[in-house]
file query_28.txt (compact mmCIF, C-alpha atoms and all ligand atoms)
# COMPACT_ATOMS: atom_id res chain seq x y z
CA MET A 30 2.77 81.83 -120.69
CA ARG A 31 0.23 80.96 -118.03
CA TYR A 32 1.65 80.24 -114.62
CA ASP A 33 0.33 77.21 -112.71
CA ALA A 34 0.31 78.04 -109.00
CA SER A 35 -0.31 74.38 -108.11
CA SER A 36 3.12 73.46 -109.45
CA THR A 37 4.73 75.59 -106.75
CA SER A 38 2.87 74.24 -103.71
CA HIS A 39 5.90 72.49 -102.27
CA THR A 40 8.58 75.11 -102.30
CA ALA A 41 11.22 76.08 -99.85
CA GLY A 42 9.90 79.62 -99.55
CA ARG A 43 6.94 80.20 -97.24
CA LEU A 44 4.00 82.43 -97.97
CA ILE A 45 3.18 84.78 -95.10
CA PHE A 46 -0.47 85.75 -95.50
CA LEU A 47 -1.27 88.86 -93.45
CA ILE A 48 -4.99 89.26 -92.92
CA GLY A 49 -7.34 91.39 -90.87
CA PRO A 50 -10.21 93.75 -91.52
CA SER A 51 -9.83 96.74 -93.76
CA GLY A 52 -8.50 99.43 -91.42
CA SER A 53 -6.82 97.03 -88.99
CA GLY A 54 -3.41 98.33 -90.08
CA LYS A 55 -2.01 95.77 -92.55
CA ASP A 56 -0.57 98.40 -94.92
CA SER A 57 0.78 100.44 -92.00
CA LEU A 58 2.42 97.41 -90.42
CA ILE A 59 4.02 96.35 -93.69
CA ASP A 60 5.31 99.88 -94.20
CA ALA A 61 6.63 100.16 -90.65
CA ALA A 62 8.36 96.77 -90.86
CA ARG A 63 9.45 97.02 -94.51
CA THR A 64 13.12 97.90 -93.97
CA GLN A 65 13.60 95.23 -91.33
CA LEU A 66 11.74 92.58 -93.34
CA LEU A 67 13.80 93.27 -96.45
CA ALA A 68 16.98 93.20 -94.36
CA HIS A 69 15.94 89.72 -93.21
CA GLY A 70 15.47 88.64 -96.82
CA ILE A 71 11.64 88.60 -96.73
CA GLU A 72 10.08 89.69 -100.01
CA ILE A 73 6.97 91.90 -99.91
CA ALA A 74 4.37 91.52 -102.65
CA ARG A 75 3.01 94.68 -104.25
CA ARG A 76 -0.74 94.45 -104.66
CA VAL A 77 -2.60 95.43 -107.79
CA ILE A 78 -5.90 97.13 -106.88
CA THR A 79 -8.69 98.63 -108.95
CA ARG A 80 -8.28 101.89 -107.05
CA SER A 81 -6.74 104.92 -108.73
CA ALA A 82 -4.39 105.92 -105.92
CA GLU A 83 -3.83 105.12 -102.27
CA SER A 84 -3.65 108.08 -99.97
CA LYS A 85 -1.15 106.35 -97.74
CA GLY A 86 0.18 102.97 -96.82
CA GLU A 87 1.75 100.40 -99.13
CA ALA A 88 2.67 101.41 -102.65
CA ALA A 89 -0.06 99.43 -104.38
CA HIS A 90 -0.37 99.47 -108.14
CA GLY A 91 -3.67 101.10 -109.06
CA VAL A 92 -5.30 99.97 -112.31
CA SER A 93 -8.66 100.28 -114.05
CA PRO A 94 -11.11 97.34 -113.84
CA GLU A 95 -10.49 96.71 -117.58
CA ARG A 96 -6.73 96.59 -117.08
CA PHE A 97 -7.15 94.31 -114.06
CA GLU A 98 -9.23 91.88 -116.11
CA ALA A 99 -6.67 91.90 -118.93
CA MET A 100 -3.89 91.20 -116.43
CA ARG A 101 -5.90 88.39 -114.85
CA GLU A 102 -6.57 86.83 -118.26
CA ALA A 103 -2.87 87.03 -119.09
CA GLY A 104 -2.04 85.09 -115.92
CA ALA A 105 -0.41 88.04 -114.16
CA PHE A 106 -1.78 87.06 -110.74
CA ALA A 107 -0.80 84.29 -108.36
CA MET A 108 -3.98 85.08 -106.40
CA HIS A 109 -6.83 87.49 -106.81
CA TRP A 110 -10.06 88.30 -105.03
CA GLN A 111 -12.81 90.83 -104.73
CA ALA A 112 -13.75 92.75 -101.58
CA ASN A 113 -15.21 96.12 -100.67
CA GLY A 114 -16.19 96.69 -104.30
CA LEU A 115 -12.54 96.41 -105.38
CA GLN A 116 -10.44 93.77 -107.12
CA TYR A 117 -7.15 92.81 -105.52
CA GLY A 118 -4.39 90.91 -107.35
CA ILE A 119 -1.13 89.45 -106.09
CA PRO A 120 1.53 89.38 -108.83
CA VAL A 121 2.67 86.00 -110.11
CA GLN A 122 6.20 87.08 -109.21
CA VAL A 123 5.31 85.75 -105.73
CA ASP A 124 5.42 82.20 -107.12
CA GLN A 125 8.82 82.84 -108.64
CA TRP A 126 10.15 84.13 -105.31
CA LEU A 127 8.73 81.11 -103.46
CA ALA A 128 10.16 78.72 -106.04
CA ALA A 129 13.54 80.37 -105.49
CA GLY A 130 13.21 79.64 -101.77
CA ARG A 131 12.36 83.20 -100.65
CA HIS A 132 9.72 83.85 -98.00
CA VAL A 133 7.08 86.29 -99.20
CA LEU A 134 4.74 88.55 -97.24
CA VAL A 135 1.36 89.18 -98.85
CA ASN A 136 -1.31 91.63 -97.71
CA GLY A 137 -4.19 89.15 -97.87
CA SER A 138 -7.87 88.68 -97.18
CA ARG A 139 -9.76 86.66 -94.58
CA GLY A 140 -12.38 85.82 -97.19
CA TYR A 141 -9.71 84.40 -99.51
CA LEU A 142 -7.75 82.54 -96.81
CA PRO A 143 -9.28 79.07 -97.44
CA GLU A 144 -8.42 79.30 -101.14
CA ALA A 145 -4.94 80.64 -100.37
CA ARG A 146 -4.38 77.64 -98.09
CA ARG A 147 -5.45 75.25 -100.83
CA ARG A 148 -2.90 76.80 -103.17
CA TYR A 149 -0.12 77.22 -100.60
CA PRO A 150 -0.68 74.51 -97.97
CA GLY A 151 2.23 75.61 -95.79
CA LEU A 152 1.29 79.25 -95.60
CA LEU A 153 1.69 81.17 -92.38
CA ALA A 154 -1.53 83.05 -91.63
CA ILE A 155 -1.23 86.13 -89.42
CA ARG A 156 -4.31 88.15 -88.47
CA LEU A 157 -4.26 91.71 -87.19
CA ASP A 158 -6.97 92.35 -84.62
CA VAL A 159 -8.29 95.63 -83.28
CA ALA A 160 -11.45 96.30 -81.30
CA PRO A 161 -14.46 97.24 -83.52
CA GLN A 162 -14.67 100.76 -82.08
CA VAL A 163 -10.95 101.31 -82.78
CA LEU A 164 -11.44 99.97 -86.29
CA LYS A 165 -14.25 102.44 -86.95
CA ARG A 166 -12.23 105.31 -85.57
CA ARG A 167 -9.21 104.42 -87.69
CA LEU A 168 -11.21 103.96 -90.88
CA LEU A 169 -12.86 107.35 -90.40
CA ALA A 170 -9.53 108.99 -89.52
CA ARG A 171 -7.89 107.44 -92.61
CA GLY A 172 -10.40 109.48 -94.58
CA ARG A 173 -10.08 107.51 -97.81
CA GLU A 174 -13.56 106.06 -97.91
CA THR A 175 -16.99 107.65 -97.61
CA THR A 176 -18.97 107.09 -94.40
CA GLU A 177 -21.09 104.58 -96.31
CA GLU A 178 -18.01 102.69 -97.50
CA VAL A 179 -16.71 102.66 -93.93
CA GLU A 180 -20.04 101.20 -92.74
CA GLN A 181 -19.82 98.52 -95.45
CA ARG A 182 -16.32 97.61 -94.28
CA LEU A 183 -17.52 97.36 -90.67
CA GLU A 184 -20.42 95.14 -91.77
CA ARG A 185 -18.05 92.90 -93.76
CA ASN A 186 -15.85 92.68 -90.69
CA ALA A 187 -18.73 91.72 -88.39
CA ARG A 188 -19.75 89.02 -90.89
CA LEU A 189 -16.24 87.57 -91.39
CA GLN A 190 -15.48 87.71 -87.66
CA ARG A 191 -18.11 85.03 -87.10
CA HIS A 192 -16.02 82.53 -89.09
CA ASP A 193 -13.03 81.89 -86.92
CA GLU A 194 -10.43 80.13 -89.08
CA PRO A 195 -8.15 77.67 -87.33
CA ASP A 196 -4.36 77.87 -87.40
CA VAL A 197 -4.15 81.65 -87.57
CA HIS A 198 -1.63 83.61 -85.50
CA VAL A 199 -3.22 86.70 -84.04
CA LEU A 200 -1.39 89.98 -83.46
CA ASP A 201 -3.11 92.78 -81.58
CA ASN A 202 -2.67 96.12 -83.36
CA SER A 203 -4.58 98.18 -80.79
CA LEU A 204 -1.40 99.65 -79.38
CA SER A 205 1.50 101.32 -81.15
CA LEU A 206 2.77 100.12 -84.52
CA THR A 207 6.22 99.74 -82.96
CA THR A 208 4.76 97.14 -80.58
CA THR A 209 3.10 95.29 -83.47
CA VAL A 210 6.28 95.37 -85.60
CA ALA A 211 8.18 93.79 -82.69
CA ALA A 212 5.47 91.13 -82.29
CA LEU A 213 5.56 90.37 -86.03
CA LEU A 214 9.35 89.97 -86.05
CA GLN A 215 9.13 87.79 -82.94
CA LEU A 216 6.55 85.54 -84.60
CA LEU A 217 8.63 85.25 -87.79
CA ALA A 218 11.65 84.33 -85.67
CA ASP A 219 9.61 81.75 -83.72
CA GLU A 220 8.55 80.23 -87.05
CA GLY A 221 12.18 80.07 -88.15
CA LEU A 222 11.66 82.44 -91.07
CA ILE A 223 14.13 85.07 -89.87
CA ALA A 224 17.11 85.04 -87.56
CA ARG A 225 16.28 85.83 -83.95
CA ALA A 226 17.54 89.21 -82.74
CA ALA A 227 20.53 88.78 -80.42
CA HIS A 228 18.70 90.45 -77.51
CA ALA A 229 15.33 88.74 -78.07
CA PRO A 230 14.01 86.44 -75.35
CA GLY A 231 14.58 82.76 -76.03
CA GLY A 232 17.25 83.55 -78.64
N1 LIG B 301 -1.06 100.75 -84.37
C1 LIG B 301 -1.71 101.80 -84.87
N2 LIG B 301 -1.98 102.86 -84.08
C2 LIG B 301 -2.65 103.93 -84.56
N3 LIG B 301 -3.10 104.04 -85.82
C3 LIG B 301 -2.88 103.01 -86.67
C4 LIG B 301 -2.16 101.85 -86.23
N4 LIG B 301 -2.10 100.99 -87.28
C5 LIG B 301 -2.73 101.60 -88.32
N5 LIG B 301 -3.20 102.81 -87.95
C6 LIG B 301 -3.97 103.74 -88.78
O1 LIG B 301 -5.21 103.10 -89.08
C7 LIG B 301 -5.62 103.40 -90.42
C8 LIG B 301 -5.84 102.08 -91.17
O2 LIG B 301 -4.59 101.45 -91.37
P1 LIG B 301 -4.21 100.75 -92.74
O3 LIG B 301 -2.79 100.37 -92.64
O4 LIG B 301 -4.64 101.57 -93.91
O5 LIG B 301 -5.15 99.43 -92.64
P2 LIG B 301 -5.43 98.26 -93.69
O6 LIG B 301 -4.26 98.18 -94.61
O7 LIG B 301 -5.55 97.03 -92.85
O8 LIG B 301 -6.69 98.62 -94.38
C9 LIG B 301 -4.55 104.27 -91.04
O9 LIG B 301 -4.97 105.60 -91.01
C10 LIG B 301 -3.35 104.06 -90.13
O10 LIG B 301 -2.51 105.19 -90.07
O1 LIG B 302 -11.51 89.61 -96.74
P1 LIG B 302 -11.22 90.61 -95.67
O2 LIG B 302 -10.46 90.03 -94.56
O3 LIG B 302 -12.35 91.47 -95.26
O4 LIG B 302 -10.12 91.57 -96.27
C1 LIG B 302 -10.26 92.89 -96.41
C2 LIG B 302 -10.23 93.17 -97.85
O5 LIG B 302 -9.78 94.47 -97.99
C3 LIG B 302 -8.43 94.32 -98.18
O6 LIG B 302 -7.65 95.29 -98.41
P2 LIG B 302 -7.39 96.40 -97.32
O7 LIG B 302 -7.57 95.90 -95.97
O8 LIG B 302 -6.13 97.03 -97.73
O9 LIG B 302 -8.61 97.30 -97.57
P3 LIG B 302 -8.65 98.73 -98.10
O10 LIG B 302 -8.93 98.53 -99.55
O11 LIG B 302 -9.76 99.30 -97.32
O12 LIG B 302 -7.31 99.32 -97.78
C4 LIG B 302 -7.95 92.96 -98.38
O13 LIG B 302 -7.12 92.87 -99.52
C5 LIG B 302 -9.22 92.28 -98.55
O14 LIG B 302 -9.58 92.17 -99.86

call {"tool": "encode", "arguments": {"input": "query_28.txt", "output": "structure tokens"}}
result
Amino acid sequence: MRYDASSTSHTAGRLIFLIGPSGSGKDSLIDAARTQLLAHGIEIARRVITRSAESKGEAAHGVSPERFEAMREAGAFAMHWQANGLQYGIPVQVDQWLAAGRHVLVNGSRGYLPEARRRYPGLLAIRLDVAPQVLKRRLLARGRETTEEVEQRLERNARLQRHDEPDVHVLDNSLSLTTTVAALLQLLADEGLIARAAHAPGG
């Protein structure tokens, strides 16, 4: 059965769309915050990517381009997009979680944000920022892509940076991941998506 995302626009669960350039630390942040997010009842979507294996970071599901296309045709994705020569799919399970009133964190894309907003009007957009020179250093240190692929990612970043989307919460990931995890949890508490920690300011 095909799933109609538009039928789930007005649900109790909120989509948390984490964006930021490739290499800004989205996977790392999700991994570092995973236990705490799950403890707060936040679901975390597992991406499907046309990449055979990820050296580190989130446990994405790697598939061939042919398999990805078959999954897309079968309606397996709530959202999907293309970037950096790869296809990314977000499982339709996300819509089921949202319909059940669960908040869901998705590792998203700046390029896809306008479309994601059309589908999920109440989504919470969070962008990870790091300085361009830090981004380059991290991408090279990650060692997953070739130098050329890193350059392409930096070019894509420079291009997308020029389109500043409104209504996006920005978290700086230039410092330690621990700092960014704390900022993420604070933001989710401010938005009323998780309970505020007893010791947190304003709580
Ligand atoms: N706060 C941080 N401090 C230092 N290194 C980081 C930090 N966040 C991420 N990294 C590193 O930067 C690289 C890119 O992070 P990653 O999570 O893969 O980014 P993305 O998922 O956005 O592409 C990884 O090697 C990761 O270990
Ligand atoms: O549209 P953008 O904001 O440029 O988004 C960056 C693109 O790369 C992404 O994955 P990730 O950051 O995990 O990249 P990676 O494949 O290099 O890990 C993300 O899913 C986007 O498709």

call {"tool": "closest_residue", "arguments": {"input": "query_28.txt", "among": "A:Thr208, A:Gln116, A:Gln215, A:Ser93", "to": "ligand LIG 301 (chain B)", "atoms": "all atoms listed in the file"}}
result
A:Thr208

call {"tool": "axis_aligned_box", "arguments": {"input": "query_28.txt", "around": "ligand LIG 301 (chain B)", "padding_each_side": "5 Å", "output": "JSON"}}
result
{"center_x": -3.9, "center_y": 101.3, "center_z": -89.3, "size_x": 15.6, "size_y": 18.6, "size_z": 20.5}

call {"tool": "closest_atom_pairs", "arguments": {"input": "query_28.txt", "of": "chain A", "to": "ligand LIG 301 (chain B)", "cutoff": "6 Å", "atoms": "only C-alpha atoms and all ligand atoms", "output": "tab-separated table"}}
result
residue	atom	partner	partner_atom	distance
A:Pro50	CA	B:LIG301	O7	5.9
A:Ser51	CA	B:LIG301	O8	3.7
A:Gly52	CA	B:LIG301	O8	3.6
A:Ser53	CA	B:LIG301	O7	4.1
A:Gly54	CA	B:LIG301	O5	3.3
A:Lys55	CA	B:LIG301	O7	3.8
A:Asp56	CA	B:LIG301	O6	3.7
A:Ser57	CA	B:LIG301	O3	3.6
A:Gly86	CA	B:LIG301	O3	5.7
A:Arg167	CA	B:LIG301	O1	4.4
A:Leu168	CA	B:LIG301	C7	5.6
A:Ala170	CA	B:LIG301	O9	5.9
A:Arg171	CA	B:LIG301	O9	3.8
A:Asn202	CA	B:LIG301	N1	5.0
A:Ser203	CA	B:LIG301	N1	5.6
A:Leu204	CA	B:LIG301	N1	5.1
A:Ser205	CA	B:LIG301	N1	4.2
A:Leu206	CA	B:LIG301	N1	3.9

call {"tool": "write_last_selection", "arguments": {"input": "query_28.txt", "atoms": "C-alpha atoms", "output": "compact mmCIF listing (two decimals), in the coordinates of the input"}}
result
# COMPACT_ATOMS: atom_id res chain seq x y z
CA PRO A 50 -10.21 93.75 -91.52
CA SER A 51 -9.83 96.74 -93.76
CA GLY A 52 -8.50 99.43 -91.42
CA SER A 53 -6.82 97.03 -88.99
CA GLY A 54 -3.41 98.33 -90.08
CA LYS A 55 -2.01 95.77 -92.55
CA ASP A 56 -0.57 98.40 -94.92
CA SER A 57 0.78 100.44 -92.00
CA GLY A 86 0.18 102.97 -96.82
CA ARG A 167 -9.21 104.42 -87.69
CA LEU A 168 -11.21 103.96 -90.88
CA ALA A 170 -9.53 108.99 -89.52
CA ARG A 171 -7.89 107.44 -92.61
CA ASN A 202 -2.67 96.12 -83.36
CA SER A 203 -4.58 98.18 -80.79
CA LEU A 204 -1.40 99.65 -79.38
CA SER A 205 1.50 101.32 -81.15
CA LEU A 206 2.77 100.12 -84.52

call {"tool": "closest_atom_pairs", "arguments": {"input": "query_28.txt", "of": "chain A", "to": "ligand LIG 302 (chain B)", "cutoff": "7 Å", "atoms": "only C-alpha atoms and all ligand atoms", "output": "CSV"}}
result
residue,atom,partner,partner_atom,distance
A:Ile48,CA,B:LIG302,O2,5.8
A:Gly49,CA,B:LIG302,O2,5.0
A:Pro50,CA,B:LIG302,O2,4.8
A:Ser51,CA,B:LIG302,O7,3.3
A:Gly52,CA,B:LIG302,O7,5.8
A:Lys55,CA,B:LIG302,O7,6.5
A:Asp56,CA,B:LIG302,O8,6.4
A:Trp110,CA,B:LIG302,O14,6.5
A:Gln111,CA,B:LIG302,O14,6.0
A:Ala112,CA,B:LIG302,O14,4.5
A:Asn113,CA,B:LIG302,O5,6.3
A:Tyr117,CA,B:LIG302,O13,6.0
A:Asn136,CA,B:LIG302,O13,6.2
A:Gly137,CA,B:LIG302,O13,5.0
A:Ser138,CA,B:LIG302,O4,3.8
A:Arg139,CA,B:LIG302,O2,3.4
A:Gly140,CA,B:LIG302,O1,3.9
A:Tyr141,CA,B:LIG302,O1,6.2
A:Arg185,CA,B:LIG302,O3,6.1
A:Asn186,CA,B:LIG302,O3,5.9
A:Leu189,CA,B:LIG302,O3,6.7

call {"tool": "write_last_selection", "arguments": {"input": "query_28.txt", "atoms": "C-alpha atoms", "output": "short mmCIF file (atom, residue, chain, number, x, y, z; two decimals), keeping the file's coordinate frame"}}
result
data_model
loop_
_atom_site.label_atom_id
_atom_site.label_comp_id
_atom_site.auth_asym_id
_atom_site.auth_seq_id
_atom_site.Cartn_x
_atom_site.Cartn_y
_atom_site.Cartn_z
CA ILE A 48 -4.99 89.26 -92.92
CA GLY A 49 -7.34 91.39 -90.87
CA PRO A 50 -10.21 93.75 -91.52
CA SER A 51 -9.83 96.74 -93.76
CA GLY A 52 -8.50 99.43 -91.42
CA LYS A 55 -2.01 95.77 -92.55
CA ASP A 56 -0.57 98.40 -94.92
CA TRP A 110 -10.06 88.30 -105.03
CA GLN A 111 -12.81 90.83 -104.73
CA ALA A 112 -13.75 92.75 -101.58
CA ASN A 113 -15.21 96.12 -100.67
CA TYR A 117 -7.15 92.81 -105.52
CA ASN A 136 -1.31 91.63 -97.71
CA GLY A 137 -4.19 89.15 -97.87
CA SER A 138 -7.87 88.68 -97.18
CA ARG A 139 -9.76 86.66 -94.58
CA GLY A 140 -12.38 85.82 -97.19
CA TYR A 141 -9.71 84.40 -99.51
CA ARG A 185 -18.05 92.90 -93.76
CA ASN A 186 -15.85 92.68 -90.69
CA LEU A 189 -16.24 87.57 -91.39
#

call {"tool": "closest_residue", "arguments": {"input": "query_28.txt", "among": "A:Leu47, A:Ile119, A:Ala145, A:Ala211", "to": "Phe97 (chain A)", "atoms": "all atoms listed in the file"}}
result
A:Ile119

call {"tool": "residues_around", "arguments": {"input": "query_28.txt", "residues": "Arg80 (chain A)", "least_positions_apart": "4", "cutoff": "12 Å", "atoms": "all atoms listed in the file", "output": "JSON list (two decimals) with C-alpha atoms, in the coordinates of the input"}}
result
[["chain", "number", "residue", "atom", "x", "y", "z"],
["A", 76, "ARG", "CA", -0.74, 94.45, -104.66],
["A", 84, "SER", "CA", -3.65, 108.08, -99.97],
["A", 88, "ALA", "CA", 2.67, 101.41, -102.65],
["A", 89, "ALA", "CA", -0.06, 99.43, -104.38],
["A", 90, "HIS", "CA", -0.37, 99.47, -108.14],
["A", 91, "GLY", "CA", -3.67, 101.10, -109.06],
["A", 92, "VAL", "CA", -5.30, 99.97, -112.31],
["A", 93, "SER", "CA", -8.66, 100.28, -114.05],
["A", 94, "PRO", "CA", -11.11, 97.34, -113.84],
["A", 95, "GLU", "CA", -10.49, 96.71, -117.58],
["A", 96, "ARG", "CA", -6.73, 96.59, -117.08],
["A", 97, "PHE", "CA", -7.15, 94.31, -114.06],
["A", 112, "ALA", "CA", -13.75, 92.75, -101.58],
["A", 113, "ASN", "CA", -15.21, 96.12, -100.67],
["A", 114, "GLY", "CA", -16.19, 96.69, -104.30],
["A", 115, "LEU", "CA", -12.54, 96.41, -105.38],
["A", 116, "GLN", "CA", -10.44, 93.77, -107.12],
["A", 117, "TYR", "CA", -7.15, 92.81, -105.52],
["A", 118, "GLY", "CA", -4.39, 90.91, -107.35],
["A", 173, "ARG", "CA", -10.08, 107.51, -97.81],
["A", 174, "GLU", "CA", -13.56, 106.06, -97.91]]

call {"tool": "atom_distance", "arguments": {"input": "query_28.txt", "atom1": "CA of Val135 (chain A)", "atom2": "CA of Pro120 (chain A)"}}
result
10.0 Å

call {"tool": "atom_distance", "arguments": {"input": "query_28.txt", "atom1": "CA of Ile223 (chain A)", "atom2": "CA of His69 (chain A)"}}
result
6.0 Å

call {"tool": "atom_distance", "arguments": {"input": "query_28.txt", "atom1": "CA of Tyr149 (chain A)", "atom2": "CA of Ala41 (chain A)"}}
result
11.4 Å

call {"tool": "closest_residue", "arguments": {"input": "query_28.txt", "among": "A:Leu44, A:Met100, A:Leu153, A:Val123", "to": "Arg75 (chain A)", "atoms": "all atoms listed in the file"}}
result
A:Val123

call {"tool": "closest_residue", "arguments": {"input": "query_28.txt", "among": "A:Leu134, A:Val210, A:Met108, A:Leu58", "to": "Ile73 (chain A)", "atoms": "all atoms listed in the file"}}
result
A:Leu134

call {"tool": "residues_around", "arguments": {"input": "query_28.txt", "residues": "Leu214 (chain A)", "least_positions_apart": "3", "cutoff": "10 Å", "atoms": "only C-alpha atoms", "output": "PyMOL selection string"}}
result
chain A and resi 62+65-66+69+209-211+217-220+222-226

call {"tool": "closest_residue", "arguments": {"input": "query_28.txt", "among": "A:Arg182, A:Arg191, A:Arg146, A:Arg156", "to": "Leu213 (chain A)", "atoms": "all atoms listed in the file"}}
result
A:Arg156

call {"tool": "residues_around", "arguments": {"input": "query_28.txt", "residues": "Val179 (chain A)", "least_positions_apart": "4", "cutoff": "9 Å", "atoms": "all atoms listed in the file", "output": "list of chain:residue names"}}
result
A:Lys165, A:Leu168, A:Leu169, A:Glu174, A:Thr175, A:Leu183, A:Glu184

call {"tool": "closest_residue", "arguments": {"input": "query_28.txt", "among": "A:Asp158, A:Glu177, A:Glu144, A:Asp124", "to": "His109 (chain A)", "atoms": "all atoms listed in the file"}}
result
A:Glu144

call {"tool": "residues_around", "arguments": {"input": "query_28.txt", "residues": "Asp196 (chain A)", "least_positions_apart": "6", "cutoff": "12 Å", "atoms": "all atoms listed in the file", "output": "NGL selection string"}}
result
:A and (46 or 142-143 or 146 or 150-156)
